[in-house]
Amino acid sequence: MRDEMGTLRIDIEIENPQRPGEKRLLPSVLVDTGAELSWLPAAVLESLGIARQDQRWFRQAGGTVLERWVGPAFIHAGGKRATDDVVFGEKGDLVLLGARSLEGLN
């Protein structure tokens, strides 16, 4: 599969900090340094028992404002682990590795 010029994708694993040990693989996640938080499928986060903690508002590049739940997760990539708040993505939302998670992974 060929990506468009200027895009980077990475395989990541998600884990519940409250129940370490069980992980879910998310292949080919888009790295988006313009997104503060990582956006992950709600079904994956829920399957790991990750709790929804806060609702936040997000302004999209096109100007649309969305309200989404966020909760804490471990994100694994490249042999590193980061702890970060992640967005419970809904149907139609992109799956993204955001800048905070990326920085946490060093």
# chains A, B, ... in the order shown; residues from 1 in each chain; ligands from 1
>>> residues_around(residues="A:Ala77", least_positions_apart="5", cutoff="7 Å", atoms="only C-alpha atoms", output="ChimeraX atom specification")
/A:11-13
>>> write_last_selection(atoms="C-alpha atoms", output="compact mmCIF listing (two decimals), in the first residue's frame")
# COMPACT_ATOMS: atom_id res chain seq x y z
CA ASP A 11 1.71 0.41 14.20
CA ILE A 12 0.87 1.06 17.86
CA GLU A 13 -0.48 -0.95 20.78
>>> select_by_dssp(residues="stretch 35-100 of chain A", states="strand (DSSP E or B)", output="PyMOL selection string")
chain A and resi 38-41+54-59+65-77+80-89+96-98
>>> write_last_selection(atoms="N, CA and C atoms", output="compact mmCIF listing (two decimals), in the first residue's frame")
# COMPACT_ATOMS: atom_id res chain seq x y z
N SER A 38 -4.12 11.91 20.79
CA SER A 38 -4.31 10.76 19.90
C SER A 38 -5.80 10.41 19.87
N TRP A 39 -6.30 10.07 18.67
CA TRP A 39 -7.69 9.67 18.46
C TRP A 39 -7.70 8.20 18.13
N LEU A 40 -8.36 7.41 18.97
CA LEU A 40 -8.39 5.96 18.82
C LEU A 40 -9.84 5.48 18.83
N PRO A 41 -10.12 4.35 18.17
CA PRO A 41 -11.51 3.87 18.13
C PRO A 41 -12.06 3.58 19.53
N ASP A 54 -13.43 12.58 30.83
CA ASP A 54 -13.84 13.97 30.59
C ASP A 54 -14.36 14.11 29.17
N GLN A 55 -15.23 15.08 28.98
CA GLN A 55 -15.62 15.45 27.63
C GLN A 55 -14.90 16.74 27.27
N ARG A 56 -14.39 16.79 26.04
CA ARG A 56 -13.67 17.98 25.57
C ARG A 56 -14.17 18.36 24.18
N TRP A 57 -13.95 19.61 23.85
CA TRP A 57 -14.30 20.14 22.53
C TRP A 57 -13.05 20.21 21.68
N PHE A 58 -13.19 19.85 20.40
CA PHE A 58 -12.06 19.87 19.46
C PHE A 58 -12.48 20.58 18.18
N ARG A 59 -11.65 21.53 17.75
CA ARG A 59 -11.90 22.21 16.48
C ARG A 59 -11.09 21.50 15.40
N VAL A 65 -16.55 21.86 14.98
CA VAL A 65 -16.24 21.63 16.40
C VAL A 65 -16.95 20.35 16.83
N LEU A 66 -16.17 19.44 17.44
CA LEU A 66 -16.69 18.15 17.89
C LEU A 66 -16.51 18.01 19.39
N GLU A 67 -17.45 17.33 20.03
CA GLU A 67 -17.30 16.99 21.45
C GLU A 67 -17.03 15.50 21.54
N ARG A 68 -15.96 15.14 22.26
CA ARG A 68 -15.57 13.74 22.40
C ARG A 68 -15.13 13.47 23.84
N TRP A 69 -15.28 12.20 24.24
CA TRP A 69 -14.77 11.75 25.53
C TRP A 69 -13.28 11.49 25.44
N VAL A 70 -12.57 11.66 26.55
CA VAL A 70 -11.16 11.30 26.65
C VAL A 70 -10.94 10.47 27.90
N GLY A 71 -9.88 9.67 27.87
CA GLY A 71 -9.51 8.84 29.02
C GLY A 71 -8.04 8.46 28.91
N PRO A 72 -7.46 7.94 30.00
CA PRO A 72 -6.03 7.63 30.02
C PRO A 72 -5.71 6.28 29.41
N ALA A 73 -4.58 6.21 28.71
CA ALA A 73 -4.13 4.96 28.10
C ALA A 73 -2.61 4.93 28.04
N PHE A 74 -2.07 3.71 28.02
CA PHE A 74 -0.67 3.51 27.65
C PHE A 74 -0.64 3.32 26.14
N ILE A 75 0.30 3.97 25.48
CA ILE A 75 0.51 3.81 24.05
C ILE A 75 1.90 3.25 23.86
N HIS A 76 2.02 2.15 23.12
CA HIS A 76 3.30 1.49 22.86
C HIS A 76 3.65 1.61 21.38
N ALA A 77 4.89 1.99 21.10
CA ALA A 77 5.38 2.04 19.71
C ALA A 77 6.90 2.08 19.73
N LYS A 80 8.90 1.70 22.96
CA LYS A 80 8.70 2.71 24.01
C LYS A 80 7.24 2.70 24.47
N ARG A 81 7.00 3.30 25.64
CA ARG A 81 5.64 3.43 26.16
C ARG A 81 5.41 4.86 26.63
N ALA A 82 4.25 5.40 26.30
CA ALA A 82 3.84 6.72 26.78
C ALA A 82 2.48 6.59 27.46
N THR A 83 2.27 7.41 28.45
CA THR A 83 0.97 7.51 29.11
C THR A 83 0.35 8.83 28.68
N ASP A 84 -0.88 8.79 28.21
CA ASP A 84 -1.50 10.02 27.73
C ASP A 84 -3.01 9.89 27.77
N ASP A 85 -3.69 11.04 27.77
CA ASP A 85 -5.13 11.06 27.54
C ASP A 85 -5.35 10.82 26.06
N VAL A 86 -6.33 10.01 25.74
CA VAL A 86 -6.65 9.72 24.34
C VAL A 86 -8.13 9.98 24.11
N VAL A 87 -8.46 10.30 22.85
CA VAL A 87 -9.83 10.60 22.47
C VAL A 87 -10.54 9.31 22.07
N PHE A 88 -11.77 9.13 22.55
CA PHE A 88 -12.62 8.02 22.15
C PHE A 88 -13.23 8.38 20.80
N GLY A 89 -12.58 7.92 19.72
CA GLY A 89 -13.03 8.23 18.38
C GLY A 89 -14.34 7.55 18.03
N LEU A 96 -5.59 8.57 14.89
CA LEU A 96 -4.40 9.42 14.84
C LEU A 96 -3.51 9.21 16.05
N LEU A 97 -2.20 9.31 15.84
CA LEU A 97 -1.23 9.42 16.92
C LEU A 97 -0.88 10.90 17.01
N GLY A 98 -1.32 11.55 18.08
CA GLY A 98 -1.14 12.99 18.24
C GLY A 98 0.22 13.38 18.80
>>> atom_distance(atom1="atom CA of A:Arg9", atom2="atom CA of A:Arg24")
16.8 Å
>>> select_by_dssp(residues="chain A", states="alpha helix (DSSP H)", output="PyMOL selection string")
chain A and resi 42-47+99-104
>>> closest_residue(among="A:Glu22, A:Glu103, A:Asp93, A:Asp32", to="A:Ser47", atoms="only C-alpha atoms")
A:Glu22
>>> closest_residue(among="A:Ala43, A:Ile14, A:Leu8, A:Leu26", to="A:Lys91", atoms="only C-alpha atoms")
A:Ala43
